[in-house]
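Asks: What follows is entry.txt, compact mmCIF, C-alpha atoms.
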```
# COMPACT_ATOMS: atom_id res chain seq x y z
CA MET J 53 234.59 251.44 3.82
CA GLU J 54 235.93 253.78 6.51
CA VAL J 55 235.60 252.69 10.15
CA SER J 56 233.66 255.87 10.96
CA GLU J 57 231.12 254.97 8.26
CA LYS J 58 230.82 251.44 9.64
CA LEU J 59 230.28 252.89 13.10
CA ARG J 60 227.45 255.08 11.81
CA ILE J 61 225.69 252.14 10.13
CA LEU J 62 226.21 249.52 12.83
CA SER J 63 225.37 251.78 15.78
CA ALA J 64 222.12 252.74 14.04
CA SER J 65 221.35 249.04 13.48
CA ALA J 66 221.92 248.35 17.20
CA LYS J 67 219.51 250.99 18.52
CA TYR J 68 216.51 248.62 18.61
CA ASP J 69 218.16 246.46 21.26
CA VAL J 70 216.97 248.00 24.55
CA SER J 71 219.29 246.07 26.85
CA CYS J 72 220.90 249.47 27.20
CA VAL J 73 219.57 252.95 26.50
CA SER J 74 220.65 255.44 23.83
CA SER J 75 222.14 258.70 25.01
CA GLY J 76 219.76 260.61 22.74
CA SER J 77 222.29 263.38 22.20
CA ALA J 78 223.54 264.71 18.87
CA ARG J 79 226.10 267.18 20.21
CA LYS J 80 229.47 266.67 18.53
CA ASN J 81 232.86 267.88 19.59
CA THR J 82 234.07 271.26 18.35
CA LYS J 83 237.58 272.33 17.53
CA GLY J 84 239.48 272.78 20.76
CA GLY J 85 236.54 271.41 22.77
CA ILE J 86 236.47 268.67 25.36
CA GLY J 87 234.22 265.60 25.27
CA ASN J 88 231.83 264.16 22.71
CA ALA J 89 228.16 263.17 23.07
CA ALA J 90 227.64 262.20 19.41
CA GLU J 91 224.89 259.67 18.94
CA SER J 92 226.95 257.11 17.01
CA GLY J 93 227.39 254.16 19.30
CA ILE J 94 227.23 255.83 22.72
CA CYS J 95 224.58 254.58 25.15
CA HIS J 96 223.98 254.47 28.89
CA VAL J 97 223.14 251.69 31.31
CA TRP J 98 222.74 251.67 35.08
CA GLY J 99 224.78 249.46 37.38
CA ALA J 100 223.43 247.60 40.39
CA ASP J 101 224.66 250.47 42.59
CA GLY J 102 222.73 253.03 40.52
CA ARG J 103 225.83 254.32 38.73
CA CYS J 104 225.37 255.38 35.10
CA ILE J 105 227.79 253.62 32.74
CA SER J 106 228.53 254.78 29.19
CA LEU J 107 228.97 252.03 26.61
CA LEU J 108 229.95 251.70 22.99
CA LYS J 109 226.85 249.97 21.59
CA VAL J 110 227.26 248.44 18.14
CA LEU J 111 226.59 245.36 16.04
CA PHE J 112 229.55 243.40 14.75
CA THR J 113 227.61 243.09 11.50
CA ASN J 114 224.08 243.87 10.29
CA ASP J 115 224.34 241.38 7.43
CA CYS J 116 221.84 238.69 8.49
CA ILE J 117 220.80 235.27 7.19
CA TYR J 118 217.43 235.51 8.97
CA ASN J 119 214.38 237.30 7.62
CA CYS J 120 212.42 238.17 10.80
CA ALA J 121 209.50 240.39 9.81
CA TYR J 122 209.90 242.77 12.79
CA CYS J 123 213.65 243.36 12.39
CA VAL J 124 215.24 246.27 10.54
CA ASN J 125 218.26 244.07 9.73
CA ARG J 126 216.21 241.28 8.10
CA ALA J 127 217.76 239.73 5.00
CA SER J 128 215.12 241.11 2.63
CA ASN J 129 215.40 244.72 3.82
CA GLU J 130 217.30 247.07 1.54
CA ILE J 131 219.57 248.91 3.98
CA GLU J 132 223.23 249.80 4.11
CA ARG J 133 225.22 246.74 5.18
CA ALA J 134 228.54 246.73 6.99
CA SER J 135 230.76 244.48 9.09
CA PHE J 136 233.58 245.25 11.48
CA THR J 137 236.75 243.25 11.77
CA VAL J 138 237.93 242.04 15.17
CA ASP J 139 240.77 244.59 15.09
CA GLU J 140 238.40 247.44 14.27
CA ILE J 141 236.09 246.62 17.18
CA CYS J 142 239.03 246.42 19.58
CA ASP J 143 240.64 249.63 18.35
CA LEU J 144 237.34 251.53 18.53
CA THR J 145 236.71 250.34 22.09
CA ILE J 146 240.19 251.24 23.32
CA ASN J 147 240.25 254.62 21.56
CA PHE J 148 236.81 255.58 22.88
CA TYR J 149 237.82 254.45 26.36
CA LEU J 150 241.06 256.46 26.34
CA ARG J 151 239.10 259.55 25.30
CA ASN J 152 236.76 258.95 28.23
CA TYR J 153 233.73 258.56 25.93
CA ILE J 154 232.87 255.13 27.32
CA GLU J 155 233.47 252.74 30.18
CA GLY J 156 232.65 249.55 28.34
CA LEU J 157 231.35 247.72 25.27
CA PHE J 158 227.92 246.38 24.30
CA LEU J 159 228.55 244.07 21.34
CA SER J 160 225.72 242.33 19.52
CA SER J 161 225.43 241.04 15.99
CA ALA J 162 223.16 239.88 13.22
CA VAL J 163 223.85 236.28 12.19
CA LYS J 164 226.21 236.25 9.22
CA GLY J 165 227.13 232.92 7.68
CA THR J 166 226.27 230.57 10.53
CA PRO J 167 225.60 231.03 14.28
CA ASP J 168 228.99 229.42 15.02
CA GLN J 169 230.89 231.78 12.72
CA THR J 170 229.19 234.83 14.24
CA MET J 171 229.70 233.69 17.84
CA GLU J 172 233.35 232.96 17.08
CA LEU J 173 233.88 236.53 15.89
CA LEU J 174 232.28 237.96 19.06
CA LEU J 175 234.45 235.65 21.17
CA LYS J 176 237.63 236.70 19.33
CA ALA J 177 236.84 240.38 19.90
CA ALA J 178 236.20 239.92 23.64
CA LYS J 179 239.25 237.68 24.05
CA LYS J 180 241.56 240.12 22.28
CA LEU J 181 240.28 243.03 24.34
CA ARG J 182 240.87 241.18 27.61
CA ILE J 183 244.16 239.44 26.84
CA GLU J 184 246.02 241.54 24.27
CA LYS J 185 244.61 244.99 25.02
CA LYS J 186 244.40 244.41 28.80
CA PHE J 187 240.93 245.97 28.78
CA ASN J 188 239.18 245.55 32.16
CA GLY J 189 236.12 247.63 31.41
CA TYR J 190 232.56 246.33 31.19
CA ILE J 191 231.72 243.99 28.28
CA HIS J 192 228.21 242.86 27.39
CA LEU J 193 228.08 240.17 24.67
CA LYS J 194 225.18 238.59 22.84
CA ALA J 195 225.01 234.80 22.90
CA ILE J 196 223.94 233.67 19.44
CA PRO J 197 221.18 231.01 19.49
CA GLY J 198 222.30 227.88 17.65
CA ALA J 199 226.00 228.47 18.31
CA ASP J 200 228.16 225.70 19.77
CA ARG J 201 227.98 225.53 23.56
CA LYS J 202 231.80 225.61 23.82
CA LEU J 203 231.92 228.99 22.08
CA ILE J 204 229.24 230.46 24.37
CA SER J 205 230.91 229.03 27.49
CA GLU J 206 234.31 230.44 26.52
CA ALA J 207 232.79 233.84 25.72
CA GLY J 208 231.33 233.86 29.22
CA MET J 209 234.84 233.86 30.67
CA TYR J 210 235.54 237.25 29.08
CA ALA J 211 232.13 238.97 29.31
CA ASP J 212 230.62 240.70 32.34
CA ARG J 213 227.10 240.05 31.06
CA MET J 214 225.59 238.00 28.26
CA SER J 215 222.10 238.08 26.81
CA VAL J 216 219.95 236.00 24.52
CA ASN J 217 216.99 237.92 23.13
CA ILE J 218 213.80 235.85 23.23
CA GLU J 219 212.14 238.63 21.16
CA LEU J 220 208.58 237.23 20.91
CA PRO J 221 206.53 235.83 23.82
CA THR J 222 205.25 232.58 22.28
CA SER J 223 206.29 229.83 19.88
CA GLU J 224 203.28 230.71 17.72
CA SER J 225 204.51 234.29 17.32
CA LEU J 226 207.99 233.10 16.38
CA LYS J 227 206.53 230.81 13.72
CA LEU J 228 204.49 233.73 12.38
CA LEU J 229 207.17 236.45 12.26
CA ALA J 230 210.49 234.59 12.61
CA PRO J 231 209.96 231.08 11.19
CA GLN J 232 213.72 230.43 10.95
CA LYS J 233 213.99 230.66 14.75
CA SER J 234 212.61 228.42 17.47
CA LYS J 235 211.88 228.84 21.15
CA GLU J 236 214.02 225.79 21.97
CA ALA J 237 217.07 227.24 20.19
CA ILE J 238 216.72 230.48 22.18
CA LEU J 239 216.19 228.83 25.57
CA LYS J 240 219.11 226.41 25.16
CA PRO J 241 221.89 229.02 25.52
CA MET J 242 219.94 230.66 28.37
CA ASP J 243 220.02 227.35 30.23
CA LEU J 244 223.71 226.89 29.41
CA ILE J 245 224.58 230.33 30.79
CA HIS J 246 222.45 229.75 33.90
CA HIS J 247 224.13 226.47 34.78
CA GLY J 248 227.54 227.92 33.96
CA ILE J 249 226.98 230.71 36.50
CA ILE J 250 225.92 228.20 39.18
CA GLU J 251 228.92 225.93 38.54
CA ASN J 252 231.29 228.90 38.55
CA ALA J 253 229.89 230.07 41.91
CA ASP J 254 230.69 226.65 43.37
CA GLU J 255 234.22 226.78 41.93
CA ARG J 256 234.75 230.24 43.40
CA LYS J 257 233.82 228.92 46.83
CA LEU J 258 236.64 226.37 46.58
CA SER J 259 239.20 228.73 45.07
CA LYS J 260 239.19 232.51 44.89
CA LYS J 261 241.61 232.23 41.96
CA ALA J 262 239.04 230.47 39.80
CA PRO J 263 238.11 232.59 36.73
CA VAL J 264 234.82 234.47 36.91
CA PHE J 265 232.00 233.45 34.55
CA ILE J 266 229.60 236.26 33.54
CA PRO J 267 229.63 238.04 36.94
CA ALA J 268 226.79 240.42 35.98
CA GLY J 269 224.49 237.56 34.94
CA GLN J 270 222.29 237.37 31.87
CA SER J 271 219.40 239.40 30.46
CA THR J 272 216.92 239.19 27.59
CA GLN J 273 214.53 241.33 25.56
CA LEU J 274 210.86 241.02 24.58
CA ILE J 275 209.22 242.98 21.76
CA ILE J 276 205.86 244.40 22.83
CA GLY J 277 203.00 245.01 20.44
CA ALA J 278 204.17 243.16 17.32
CA THR J 279 201.99 240.15 18.19
CA PRO J 280 198.63 239.85 19.99
CA GLU J 281 199.77 238.39 23.34
CA SER J 282 198.18 239.92 26.43
CA ASP J 283 200.13 241.60 29.24
CA ARG J 284 199.26 238.60 31.39
CA GLN J 285 201.08 236.24 29.00
CA ILE J 286 204.10 238.54 28.84
CA VAL J 287 204.40 239.02 32.61
CA LYS J 288 203.96 235.29 33.24
CA LEU J 289 206.75 234.59 30.75
CA SER J 290 209.02 237.10 32.49
CA GLU J 291 208.25 235.51 35.85
CA ALA J 292 209.18 232.08 34.46
CA LEU J 293 212.45 233.45 33.03
CA TYR J 294 213.40 234.95 36.40
CA GLN J 295 212.58 231.75 38.24
CA LYS J 296 214.05 229.21 35.80
CA PHE J 297 217.15 231.03 34.55
CA ASP J 298 217.76 233.49 37.41
CA MET J 299 217.57 236.28 34.82
CA ARG J 300 219.02 239.58 36.02
CA ARG J 301 216.70 241.64 33.86
CA VAL J 302 213.99 241.27 31.24
CA TYR J 303 213.85 244.30 28.95
CA TYR J 304 210.68 245.32 27.11
CA SER J 305 210.88 247.01 23.73
CA ALA J 306 207.79 248.72 22.29
CA TYR J 307 207.41 247.56 18.70
CA MET J 308 208.51 250.17 16.20
CA PRO J 309 207.05 249.76 12.69
CA VAL J 310 210.03 249.03 10.44
CA SER J 311 208.21 246.92 7.85
CA ASN J 312 204.96 246.86 5.90
CA ASN J 313 204.68 243.08 6.24
CA PRO J 314 200.95 242.16 6.34
CA LYS J 315 201.59 239.92 9.34
CA LEU J 316 202.57 242.95 11.44
CA PRO J 317 200.09 245.34 13.08
CA VAL J 318 199.48 248.74 11.53
CA ILE J 319 200.28 251.33 14.21
CA SER J 320 201.08 255.03 14.05
CA LYS J 321 203.48 255.04 17.01
CA PRO J 322 205.13 252.54 19.38
CA PRO J 323 203.10 251.48 22.48
CA LEU J 324 205.44 253.27 24.89
CA LEU J 325 202.92 253.57 27.73
CA ARG J 326 202.31 249.83 27.63
CA GLU J 327 206.07 249.28 27.71
CA HIS J 328 206.34 251.39 30.87
CA ARG J 329 203.47 249.58 32.56
CA LEU J 330 205.22 246.27 31.90
CA TYR J 331 208.44 247.62 33.41
CA GLN J 332 206.45 248.64 36.50
CA ALA J 333 204.86 245.19 36.74
CA ASP J 334 208.33 243.69 36.34
CA TRP J 335 209.55 245.64 39.38
CA LEU J 336 206.59 244.35 41.39
CA LEU J 337 207.70 240.78 40.61
CA ARG J 338 211.34 241.39 41.44
CA PHE J 339 211.24 243.63 44.50
CA TYR J 340 207.73 243.87 45.94
CA GLY J 341 206.80 240.23 46.50
CA PHE J 342 204.05 240.04 43.86
CA ASN J 343 203.46 237.14 41.51
CA ALA J 344 202.10 237.46 37.98
CA GLU J 345 198.67 235.99 38.70
CA GLU J 346 197.98 238.63 41.38
CA LEU J 347 198.16 241.42 38.81
CA PHE J 348 195.55 239.92 36.47
CA ASN J 349 192.28 238.02 36.43
CA GLU J 350 190.00 236.50 33.82
CA LYS J 351 188.34 239.88 33.16
CA HIS J 352 191.54 241.92 33.14
CA GLN J 353 194.19 240.31 30.90
CA ASN J 354 196.03 243.59 30.35
CA LEU J 355 197.43 246.24 32.67
CA GLU J 356 195.43 249.44 33.00
CA THR J 357 196.83 252.35 31.03
CA ASP J 358 195.64 255.09 33.39
CA LEU J 359 196.92 253.43 36.59
CA ASP J 360 200.24 251.90 37.53
CA PRO J 361 199.99 248.12 38.22
CA LYS J 362 200.34 248.51 41.98
CA SER J 363 197.49 251.02 42.23
CA GLY J 364 195.39 248.85 39.92
CA TRP J 365 195.97 245.80 42.13
CA ALA J 366 195.11 247.80 45.27
CA LEU J 367 191.82 249.01 43.76
CA HIS J 368 190.86 245.44 42.91
CA ASN J 369 191.70 244.35 46.46
CA LEU J 370 190.21 247.12 48.60
CA HIS J 371 189.15 244.52 51.18
CA LEU J 372 192.83 244.42 52.25
CA PHE J 373 192.91 248.16 53.00
CA PRO J 374 193.31 250.53 54.74
CA VAL J 375 196.33 249.33 56.72
CA GLU J 376 197.62 250.97 59.88
CA ILE J 377 201.07 252.25 59.02
CA ASN J 378 202.31 251.97 62.62
CA LYS J 379 201.44 248.28 62.93
CA ALA J 380 201.48 246.71 59.45
CA LYS J 381 204.21 244.23 58.47
CA TYR J 382 206.92 245.20 56.00
CA GLU J 383 205.43 242.98 53.27
CA THR J 384 202.04 244.67 53.71
CA ILE J 385 203.49 248.18 53.66
CA LEU J 386 205.33 247.36 50.41
CA ARG J 387 201.98 246.77 48.72
CA VAL J 388 200.64 250.23 49.50
CA PRO J 389 200.68 252.44 46.36
CA GLY J 390 203.06 255.35 46.79
CA ILE J 391 205.39 253.49 49.18
CA GLY J 392 208.60 252.14 47.67
CA VAL J 393 211.20 249.77 49.07
CA ARG J 394 213.33 252.54 50.57
CA SER J 395 210.34 254.33 52.11
CA ALA J 396 209.03 251.08 53.61
CA LYS J 397 212.37 250.42 55.30
CA LYS J 398 212.49 253.99 56.65
CA ILE J 399 208.98 253.55 58.09
CA LEU J 400 210.01 250.42 60.01
CA ILE J 401 212.96 252.27 61.55
CA ALA J 402 211.13 255.54 62.29
CA ARG J 403 208.08 253.96 63.96
CA LYS J 404 210.33 252.35 66.57
CA VAL J 405 211.03 255.86 67.87
CA HIS J 406 207.51 257.32 67.80
CA SER J 407 204.09 256.81 66.29
CA LEU J 408 204.05 258.13 62.71
CA THR J 409 201.68 260.76 61.29
CA PHE J 410 200.92 261.65 57.67
CA TYR J 411 203.32 264.57 58.00
CA ASP J 412 206.07 262.15 59.10
CA LEU J 413 205.38 259.90 56.11
CA LYS J 414 205.72 262.82 53.71
CA LYS J 415 209.12 263.64 55.19
CA LEU J 416 210.15 260.00 54.74
CA GLY J 417 209.48 260.21 51.00
CA VAL J 418 206.07 258.52 50.81
CA VAL J 419 203.97 259.67 47.82
CA LEU J 420 200.88 260.69 49.83
CA LYS J 421 198.80 261.59 46.77
CA ARG J 422 198.55 257.81 46.23
CA ALA J 423 199.22 256.32 49.65
CA LYS J 424 196.65 258.42 51.56
CA TYR J 425 193.76 256.33 50.21
CA PHE J 426 195.15 253.04 51.49
CA ILE J 427 196.54 253.74 54.97
CA THR J 428 195.67 255.08 58.40
CA CYS J 429 198.02 256.81 60.81
CA GLN J 430 197.30 256.40 64.53
CA GLY J 431 193.94 254.92 63.54
CA LYS J 432 192.88 257.94 61.48
CA TYR J 433 192.21 258.19 57.75
CA HIS J 434 193.67 261.11 55.79
CA GLU J 435 191.49 264.24 56.01
CA GLU J 436 191.53 264.75 52.22
CA ALA J 437 190.64 261.15 51.33
CA LYS J 438 187.53 259.01 51.37
CA PHE J 439 187.49 255.23 51.30
CA ASP J 440 185.31 254.80 48.24
CA GLU J 441 186.42 252.97 45.08
CA ASN J 442 185.14 255.59 42.63
CA ILE J 443 186.60 258.48 44.62
CA ILE J 444 189.94 256.69 44.97
CA ARG J 445 190.12 255.88 41.26
CA THR J 446 189.30 259.47 40.34
CA GLY J 447 191.92 260.78 42.76
CA LEU J 448 194.58 258.46 41.37
CA VAL J 449 193.81 259.01 37.70
CA LEU J 450 193.04 262.71 37.37
CA PRO J 451 195.83 265.29 37.62
CA GLN J 452 196.06 267.45 40.71
CA ALA J 453 193.79 270.49 40.72
CA ALA J 454 195.24 273.66 39.22
CA PRO J 455 193.82 277.14 38.52
CA PRO J 456 191.83 277.24 35.26
CA LYS J 457 193.70 278.73 32.34
CA LYS J 458 192.35 280.89 29.59
CA SER J 459 193.55 280.17 26.08
CA GLY J 460 195.19 282.96 24.10
CA ASN J 461 192.44 282.92 21.48
CA GLY J 462 189.56 283.37 23.89
CA GLY J 463 188.76 279.65 24.15
CA GLN J 464 186.26 278.13 26.57
CA LEU J 465 186.99 278.31 30.30
CA PHE J 466 186.60 275.16 32.37
CA LEU J 467 185.64 275.06 36.03
CA PHE J 468 187.66 271.89 36.57
CA ASP J 469 190.82 270.59 34.91
CA GLN J 470 189.94 268.38 31.98
CA PRO J 471 191.38 264.84 32.14
CA GLN J 472 194.10 264.22 29.61
CA PRO J 473 194.84 260.93 27.85
CA PRO J 474 197.62 258.91 29.52
CA ALA J 475 201.11 259.75 28.38
CA VAL J 476 204.62 258.59 29.16
CA THR J 477 205.46 261.24 31.74
CA THR J 478 208.76 261.91 33.45
CA GLU J 479 207.37 260.15 36.53
CA LEU J 480 206.63 257.03 34.49
CA ALA J 481 210.09 257.10 32.94
CA VAL J 482 211.69 257.32 36.38
CA THR J 483 209.71 254.36 37.74
CA ALA J 484 211.05 252.20 34.91
CA ILE J 485 214.53 252.79 36.32
CA THR J 486 214.01 253.18 40.07
CA GLY J 487 211.05 250.84 40.53
CA GLU J 488 209.46 253.12 43.12
CA LEU J 489 205.70 252.56 42.90
```
Please render this file's structure as structure tokens.

Replies:
Amino acid sequence: MEVSEKLRILSASAKYDVSCVSSGSARKNTKGGIGNAAESGICHVWGADGRCISLLKVLFTNDCIYNCAYCVNRASNEIERASFTVDEICDLTINFYLRNYIEGLFLSSAVKGTPDQTMELLLKAAKKLRIEKKFNGYIHLKAIPGADRKLISEAGMYADRMSVNIELPTSESLKLLAPQKSKEAILKPMDLIHHGIIENADERKLSKKAPVFIPAGQSTQLIIGATPESDRQIVKLSEALYQKFDMRRVYYSAYMPVSNNPKLPVISKPPLLREHRLYQADWLLRFYGFNAEELFNEKHQNLETDLDPKSGWALHNLHLFPVEINKAKYETILRVPGIGVRSAKKILIARKVHSLTFYDLKKLGVVLKRAKYFITCQGKYHEEAKFDENIIRTGLVLPQAAPPKKSGNGGQLFLFDQPQPPAVTTELAVTAITGEL
């Protein structure tokens, strides 16, 4: 099989791993043209500094010994199968890099043969790229659950980031949909990587020449909607992963129906809005000082679909508002809907110079259409807002007023804009990346 054909098959098989994002482009190079945005294998991730990084995202093989009901690469699924060789992976990476298509490699794999055999192949590819090919670009490797700890530890010396996908939130769900896997087998390499990073940090303090072990940390992925767990269970699991393993990022993947297995839910489309709400809740845990239990209660086990988690929390805790923007502490300001981390820091600096008004806040980047309900400036409430739960909820949920439009076929005119069902808007997509709530 030609390498280009393998690339087509194995990049398509890798698209369900959301640890990085597909480019979504199908534009191919033309004769005499420059550049290539073809969909096969090219994806984008964002660095800690906000820089967008292009990666070659592929599986080493999609030939798998496991038969997980939710996975397109499951053993019982009749799909095209392919496997790269170590040389093919290395040559592809170098050639793509030299053509400026990519800046790094995202290499995952189905489990072919045994976990040790698969992990050894990933290790050989990373080692050859670093040592023989002198490749210093970004490498993200998957740690294969069940593989020997020595193989995973050695791979960590050549990878910038490693990840172990936990996939399903509970042991019960794994037994239901992936009975060949266990929670313990997945958590074991996570713990190994975590302790390896800590030990390496201590070694680096003693000697700057000590080799670096997974400098970009580890991440994982959870599939959302394939099993009946509540958002509360999922967010609490993410919180535990951050605390116990110092996880850099938990990724959430809306379940896409790829099987007619009776154990899987029957859905017409992936729960993308729920995925975005979980990303927003995730940012609240990581950067806004929230804990999982604050976002839920016994009545509300799931995040609201028509409100972001921060606005939902504020509505359930109106006794804490409004806060005076010129006096409130940084931690309090962070909890105001419409004020992000950057805006909160700007407010602290600006109010040292003069007392802030609503006009000043707008110039500082505060989203007043949300924040105006929860703050006062110089002791005054916003002129367009009223401190009433129903009014606040309506103002947060409904779109901004716009002139009524008449349909082309003489349809009914409405005095007020009609509320639309929640959708994954551009604003929601941005908050999943920037975390500004």

Asks: Could you check which of J:Leu400, J:Ala230, J:Val287, J:Ala380 is closest to J:Asn343, using all atoms listed in the file?

Replies: J:Val287

Asks: What does the structure give for the distance between atom CA of J:Thr113 and atom CA of J:Arg133, in Å to one decimal?

Replies: 7.7 Å

Asks: Using only C-alpha atoms, give me every residue within 12 Å of (214.1, 263.4, 55.2) in file coordinates, as a list in words.

Replies: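 Collected hits near the coordinates: Arg394, Ser395, Lys398, Ile399, Ala402, Tyr411, Asp412, Leu413, Lys414, Lys415, Leu416, Gly417 and Val418 of chain J.
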
Asks: What's the 10 Å shell around stretch 272-281 of chain J, counting only C-alpha atoms, without same-chain residues fewer than 3 positions away, as a PyMOL selection string?

Replies: chain J and resi 68-71+121-122+194+214-222+224-226+228-229+242+284-286+289-290+293+299-309+315-319+322-324+326-327+330+353-354

Asks: Mind writing the picked residues with C-alpha atoms as an mmCIF file, keeping the file's coordinate frame?

Replies:
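This is the output file result_6.cif:
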```cif
data_model
loop_
_atom_site.group_PDB
_atom_site.id
_atom_site.type_symbol
_atom_site.label_atom_id
_atom_site.label_comp_id
_atom_site.auth_asym_id
_atom_site.auth_seq_id
_atom_site.Cartn_x
_atom_site.Cartn_y
_atom_site.Cartn_z
ATOM 1 C CA TYR J 68 216.510 248.620 18.610
ATOM 2 C CA ASP J 69 218.160 246.460 21.260
ATOM 3 C CA VAL J 70 216.970 248.000 24.550
ATOM 4 C CA SER J 71 219.290 246.070 26.850
ATOM 5 C CA ALA J 121 209.500 240.390 9.810
ATOM 6 C CA TYR J 122 209.900 242.770 12.790
ATOM 7 C CA LYS J 194 225.180 238.590 22.840
ATOM 8 C CA MET J 214 225.590 238.000 28.260
ATOM 9 C CA SER J 215 222.100 238.080 26.810
ATOM 10 C CA VAL J 216 219.950 236.000 24.520
ATOM 11 C CA ASN J 217 216.990 237.920 23.130
ATOM 12 C CA ILE J 218 213.800 235.850 23.230
ATOM 13 C CA GLU J 219 212.140 238.630 21.160
ATOM 14 C CA LEU J 220 208.580 237.230 20.910
ATOM 15 C CA PRO J 221 206.530 235.830 23.820
ATOM 16 C CA THR J 222 205.250 232.580 22.280
ATOM 17 C CA GLU J 224 203.280 230.710 17.720
ATOM 18 C CA SER J 225 204.510 234.290 17.320
ATOM 19 C CA LEU J 226 207.990 233.100 16.380
ATOM 20 C CA LEU J 228 204.490 233.730 12.380
ATOM 21 C CA LEU J 229 207.170 236.450 12.260
ATOM 22 C CA MET J 242 219.940 230.660 28.370
ATOM 23 C CA ARG J 284 199.260 238.600 31.390
ATOM 24 C CA GLN J 285 201.080 236.240 29.000
ATOM 25 C CA ILE J 286 204.100 238.540 28.840
ATOM 26 C CA LEU J 289 206.750 234.590 30.750
ATOM 27 C CA SER J 290 209.020 237.100 32.490
ATOM 28 C CA LEU J 293 212.450 233.450 33.030
ATOM 29 C CA MET J 299 217.570 236.280 34.820
ATOM 30 C CA ARG J 300 219.020 239.580 36.020
ATOM 31 C CA ARG J 301 216.700 241.640 33.860
ATOM 32 C CA VAL J 302 213.990 241.270 31.240
ATOM 33 C CA TYR J 303 213.850 244.300 28.950
ATOM 34 C CA TYR J 304 210.680 245.320 27.110
ATOM 35 C CA SER J 305 210.880 247.010 23.730
ATOM 36 C CA ALA J 306 207.790 248.720 22.290
ATOM 37 C CA TYR J 307 207.410 247.560 18.700
ATOM 38 C CA MET J 308 208.510 250.170 16.200
ATOM 39 C CA PRO J 309 207.050 249.760 12.690
ATOM 40 C CA LYS J 315 201.590 239.920 9.340
ATOM 41 C CA LEU J 316 202.570 242.950 11.440
ATOM 42 C CA PRO J 317 200.090 245.340 13.080
ATOM 43 C CA VAL J 318 199.480 248.740 11.530
ATOM 44 C CA ILE J 319 200.280 251.330 14.210
ATOM 45 C CA PRO J 322 205.130 252.540 19.380
ATOM 46 C CA PRO J 323 203.100 251.480 22.480
ATOM 47 C CA LEU J 324 205.440 253.270 24.890
ATOM 48 C CA ARG J 326 202.310 249.830 27.630
ATOM 49 C CA GLU J 327 206.070 249.280 27.710
ATOM 50 C CA LEU J 330 205.220 246.270 31.900
ATOM 51 C CA GLN J 353 194.190 240.310 30.900
ATOM 52 C CA ASN J 354 196.030 243.590 30.350
#
```

Asks: Go through J:Trp335, J:Tyr153, J:Phe297, J:Phe439 one by one, measure the shortest atom-to-atom distance of each to J:Ile249 using all atoms listed in the file, and give the residue with the smallest value.

Replies: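 Among the listed residues, J:Phe297 lies closest to J:Ile249.
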
Asks: Measuring between all atoms listed in the file, which one of J:Gly248, J:Pro167, J:Gly341, J:Pro314 shows the shortest distance to J:Ile385?

Replies: J:Gly341

Asks: Rank J:Val124, J:Leu108, J:Leu347, J:Lys240 by their smallest atom-to-atom distance to J:Gly189, using all atoms listed in the file, and report the top residue only.

Replies: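 Going through J:Val124, J:Leu108, J:Leu347, J:Lys240 one by one, the smallest distance to J:Gly189 is for J:Leu108.
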
Asks: Could you check how far atom CA of J:Cys123 sits from atom CA of J:Val310, in Å to one decimal?

Replies: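 Computing it gives 7.0 Å between the two atoms.
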
Asks: Of the candidates J:Leu367, J:Leu420, J:Cys429, J:Leu355, which shows the shortest atom-to-atom distance to J:Gly390, using only C-alpha atoms?

Replies: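 Counting only C-alpha atoms, the residue closest to J:Gly390 is J:Leu420.
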
Asks: Considering only C-alpha atoms, return as a PyMOL selection string whatever protein or nucleic-acid residues lie within 12 Å of J:Glu57, sequence-local ones (same chain, fewer than 3 positions apart) excluded.

Replies: chain J and resi 53-54+60-64+92-93+132-136

Asks: Between atom CA of J:Gln430 and atom CA of J:Pro374, what distance in Å does the model show, to one decimal?

Replies: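 Answer for the atom CA of J:Gln430 to atom CA of J:Pro374 separation: 12.1 Å.
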
Asks: Using 8 Å as the limit and counting only C-alpha atoms, can you tabulate each residue of stretch 107-181 of chain J that touches stretch 200-213 of chain J, with its shortest atom-to-atom distance in Å and the two atoms involved, as a Markdown table?

Replies:
```
| residue | atom | partner | partner_atom | distance |
| --- | --- | --- | --- | --- |
| J:Asp168 | CA | J:Asp200 | CA | 6.1 |
| J:Met171 | CA | J:Leu203 | CA | 6.7 |
| J:Glu172 | CA | J:Leu203 | CA | 6.5 |
| J:Leu174 | CA | J:Ala207 | CA | 7.8 |
| J:Leu175 | CA | J:Ala207 | CA | 5.2 |
| J:Ala178 | CA | J:Tyr210 | CA | 6.1 |
| J:Lys179 | CA | J:Tyr210 | CA | 6.3 |
```

Asks: When distances are computed from all atoms listed in the file, which of J:Cys142, J:Ile377, J:Ile443, J:Ala253 shows the smallest separation from J:Pro267?

Replies: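 Comparing J:Cys142, J:Ile377, J:Ile443, J:Ala253 against J:Pro267, the winner is J:Ala253.
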
Asks: Considering only C-alpha atoms, return as a list in words whatever protein or nucleic-acid residues lie within 12 Å of J:Leu370, sequence-local ones (same chain, fewer than 3 positions apart) excluded.

Replies: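 The residues satisfying every condition are Ser363, Gly364, Trp365, Ala366, Leu367, Phe373, Pro374, Val375, Arg387, Val388, Pro389, Tyr425, Phe426, Ile427, Phe439, Asp440, Glu441, Asn442, Ile444 and Arg445 of chain J.
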